[in-house]
Amino acid sequence: MTHELLNGLSSAEVEQVRKLGTRLIVPSGTSLFRLGDPADRLFLIERGRIRLTLPMQVRGREEDILVEERSPGQTVGWSALIPPYRFTLTATAPLFEAEVIALPREPLRQYFAANPAAGHKIALNLAVVIGHRLQLFQTMWLREMQRTVEVRSA
Amino acid sequence: MDMLLMGLCLSVFGVVFVALAFGAAMRSESWNSAVQPELPLVKAAAPARFFSDRVAVPPAVTPLQVPIEVLLLQIENHVRMEQAAAESFLAFPTHALLHSKTTSPFVN
């Protein structure tokens, strides 16, 4: 499987990066990380799905509301590479268990320093992931604002 | 003829008597109002409304509350639909796609 974060890397480089990480099983219904937790690892999804949620007050109760769902080949937890290194969402395996590769920040940085060409490609891939999320949410935000404006000016 | 004249006289006399009594009553009323001290003003009573006491106040209209699980599902479906709409816009950005109306039942 090709991971979005490892696009463009040679198979040898992909293996080197994979070896930096550890495989984790996330049982169904359990959290991989929670909002506000220290972020020191990012995760490549190997199997299953990961739900990213944010807390919302619904009828006086705090409920985890789906923000995005990520599938095999995708990345979650890139807060591990961006200060202040705190997760801004909660990640959970929903109905079935998921399997991920956890890549710790420090070994990854050392690998980037030792292999700048591979580090550059990974950084560009990460920019694509973050950029896509940004564009997606600015579009969703605008559509919600548009509806609010229509309701208020009706 | 005598009886007729007597009746006519009595009628005229009755009319005059009633007129005098009415005039006297009106004069005494206006005199009374002139000498009596003015009563303090009281707050105007609420305007009379027909059947106002009999009409029950309608209860505040509250939307039928759906169970929270259903509401959460609706929110989740809404997020998924809006995300799909945003993905379509990002794949082919146009004003029309950006402002396309959602069919999400959550907001319709």
# chains A, B, ... in the order shown; residues from 1 in each chain; ligands from 1

$ interface_residues --of "chain A" --to "chain B" --cutoff "12 Å" --atoms "only C-alpha atoms" --output "VMD selection string"
chain A and resid 51 to 69 131 to 148 150 to 151

$ residues_around --residues "Ala118 (chain A)" --least-positions-apart "6" --cutoff "12 Å" --atoms "only C-alpha atoms" --output "tab-separated table (two decimals) with N, CA and C atoms, in the first residue's frame"
chain	number	residue	atom	x	y	z
A	5	LEU	N	1.76	10.03	2.76
A	5	LEU	CA	2.91	10.75	3.32
A	5	LEU	C	4.23	10.30	2.67
A	6	LEU	N	4.19	9.10	2.08
A	6	LEU	CA	5.44	8.54	1.54
A	6	LEU	C	5.47	8.54	0.01
A	7	ASN	N	4.56	9.28	-0.59
A	7	ASN	CA	4.53	9.38	-2.05
A	7	ASN	C	5.85	9.90	-2.60
A	8	GLY	N	6.31	9.27	-3.66
A	8	GLY	CA	7.52	9.75	-4.34
A	8	GLY	C	8.81	9.22	-3.75
A	9	LEU	N	8.74	8.52	-2.64
A	9	LEU	CA	9.95	7.96	-2.03
A	9	LEU	C	10.28	6.62	-2.71
A	10	SER	N	11.55	6.31	-2.74
A	10	SER	CA	11.93	5.00	-3.28
A	10	SER	C	11.48	3.92	-2.29
A	11	SER	N	11.44	2.69	-2.78
A	11	SER	CA	10.99	1.60	-1.89
A	11	SER	C	11.95	1.43	-0.71
A	12	ALA	N	13.24	1.72	-0.96
A	12	ALA	CA	14.23	1.62	0.13
A	12	ALA	C	13.93	2.69	1.18
A	13	GLU	N	13.62	3.90	0.71
A	13	GLU	CA	13.31	5.01	1.65
A	13	GLU	C	12.02	4.71	2.43
A	14	VAL	N	11.03	4.16	1.72
A	14	VAL	CA	9.76	3.81	2.39
A	14	VAL	C	10.04	2.81	3.51
A	15	GLU	N	10.89	1.81	3.21
A	15	GLU	CA	11.22	0.81	4.23
A	15	GLU	C	11.92	1.44	5.42
A	16	GLN	N	12.85	2.36	5.11
A	16	GLN	CA	13.59	3.02	6.20
A	16	GLN	C	12.63	3.80	7.11
A	17	VAL	N	11.68	4.49	6.51
A	17	VAL	CA	10.73	5.27	7.32
A	17	VAL	C	9.83	4.34	8.12
A	108	LEU	N	12.02	10.61	13.43
A	108	LEU	CA	11.66	11.08	12.09
A	108	LEU	C	12.50	12.32	11.72
A	109	ARG	N	12.66	13.22	12.67
A	109	ARG	CA	13.47	14.43	12.42
A	109	ARG	C	14.92	14.08	12.12
A	110	GLN	N	15.41	13.12	12.89
A	110	GLN	CA	16.80	12.69	12.67
A	110	GLN	C	16.96	12.07	11.27
A	111	TYR	N	15.91	11.34	10.87
A	111	TYR	CA	15.96	10.74	9.53
A	111	TYR	C	15.94	11.84	8.46
A	112	PHE	N	15.11	12.86	8.67
A	112	PHE	CA	15.05	13.98	7.71
A	112	PHE	C	16.42	14.67	7.60
A	124	LEU	N	6.75	17.88	1.63
A	124	LEU	CA	5.81	18.31	0.58
A	124	LEU	C	4.51	17.50	0.66
A	125	ASN	N	4.64	16.20	0.91
A	125	ASN	CA	3.43	15.36	1.05
A	125	ASN	C	2.58	15.82	2.24

$ residues_around --residues "Arg70 (chain A)" --least-positions-apart "6" --cutoff "9 Å" --atoms "only C-alpha atoms" --output "short mmCIF file (atom, residue, chain, number, x, y, z; two decimals) with C-alpha atoms, in the first residue's frame"
data_model
loop_
_atom_site.label_atom_id
_atom_site.label_comp_id
_atom_site.auth_asym_id
_atom_site.auth_seq_id
_atom_site.Cartn_x
_atom_site.Cartn_y
_atom_site.Cartn_z
CA ILE A 45 -3.28 4.05 8.71
CA GLY A 48 -9.54 0.01 9.23
CA ARG A 49 -10.82 3.55 9.62
CA ILE A 50 -10.12 6.34 12.05
CA ARG A 51 -12.76 8.88 13.03
CA LEU A 52 -11.58 12.38 13.83
CA VAL A 76 -3.54 11.28 11.12
#

$ select_by_dssp --residues "region 3-120 of chain A" --states "helix (DSSP H, G or I)" --output "number ranges by chain"
A: 4-6, 11-20, 78-81, 105-114, 116-120

$ select_by_dssp --residues "chain A" --states "strand (DSSP E)" --output "JSON list (two decimals) with C-alpha atoms, in the first residue's frame"
[["chain", "number", "residue", "atom", "x", "y", "z"],
["A", 22, "THR", "CA", 5.82, 0.68, 15.51],
["A", 23, "ARG", "CA", 2.62, -1.09, 14.56],
["A", 24, "LEU", "CA", -0.34, -0.45, 16.82],
["A", 25, "ILE", "CA", -3.76, -2.07, 16.96],
["A", 26, "VAL", "CA", -6.55, 0.32, 17.91],
["A", 31, "SER", "CA", -9.07, 6.36, 21.12],
["A", 32, "LEU", "CA", -5.75, 6.59, 19.35],
["A", 33, "PHE", "CA", -5.31, 10.09, 20.79],
["A", 41, "ARG", "CA", 3.84, 10.60, 17.06],
["A", 42, "LEU", "CA", 2.02, 10.76, 13.77],
["A", 43, "PHE", "CA", 0.19, 7.75, 12.36],
["A", 44, "LEU", "CA", -0.05, 6.05, 9.00],
["A", 45, "ILE", "CA", -3.28, 4.05, 8.71],
["A", 46, "GLU", "CA", -2.65, 0.50, 7.56],
["A", 47, "ARG", "CA", -6.07, -1.06, 8.11],
["A", 50, "ILE", "CA", -10.12, 6.34, 12.05],
["A", 51, "ARG", "CA", -12.76, 8.88, 13.03],
["A", 52, "LEU", "CA", -11.58, 12.38, 13.83],
["A", 53, "THR", "CA", -13.97, 14.22, 16.10],
["A", 54, "LEU", "CA", -14.37, 17.47, 18.00],
["A", 55, "PRO", "CA", -16.50, 17.99, 21.11],
["A", 56, "MET", "CA", -19.76, 19.89, 20.61],
["A", 57, "GLN", "CA", -22.45, 20.83, 23.12],
["A", 58, "VAL", "CA", -25.67, 19.09, 22.09],
["A", 61, "ARG", "CA", -24.22, 17.35, 26.75],
["A", 62, "GLU", "CA", -20.75, 17.19, 25.26],
["A", 63, "GLU", "CA", -20.77, 14.94, 22.23],
["A", 64, "ASP", "CA", -17.95, 13.95, 19.89],
["A", 65, "ILE", "CA", -18.98, 15.18, 16.46],
["A", 66, "LEU", "CA", -17.40, 13.73, 13.33],
["A", 67, "VAL", "CA", -15.05, 16.09, 11.56],
["A", 68, "GLU", "CA", -13.42, 13.69, 9.16],
["A", 69, "GLU", "CA", -12.95, 9.98, 8.64],
["A", 70, "ARG", "CA", -9.59, 8.68, 7.43],
["A", 75, "THR", "CA", -2.26, 10.07, 7.76],
["A", 76, "VAL", "CA", -3.54, 11.28, 11.12],
["A", 90, "THR", "CA", -9.80, 13.13, 18.97],
["A", 91, "ALA", "CA", -9.05, 10.03, 16.88],
["A", 92, "THR", "CA", -11.03, 6.83, 17.44],
["A", 98, "ALA", "CA", -7.75, -0.32, 13.08],
["A", 99, "GLU", "CA", -4.06, -0.83, 12.55],
["A", 100, "VAL", "CA", -1.61, 2.04, 12.29],
["A", 101, "ILE", "CA", 2.12, 2.68, 12.09],
["A", 102, "ALA", "CA", 3.12, 5.17, 14.78],
["A", 103, "LEU", "CA", 6.06, 7.34, 13.69],
["A", 104, "PRO", "CA", 7.73, 9.16, 16.60]]
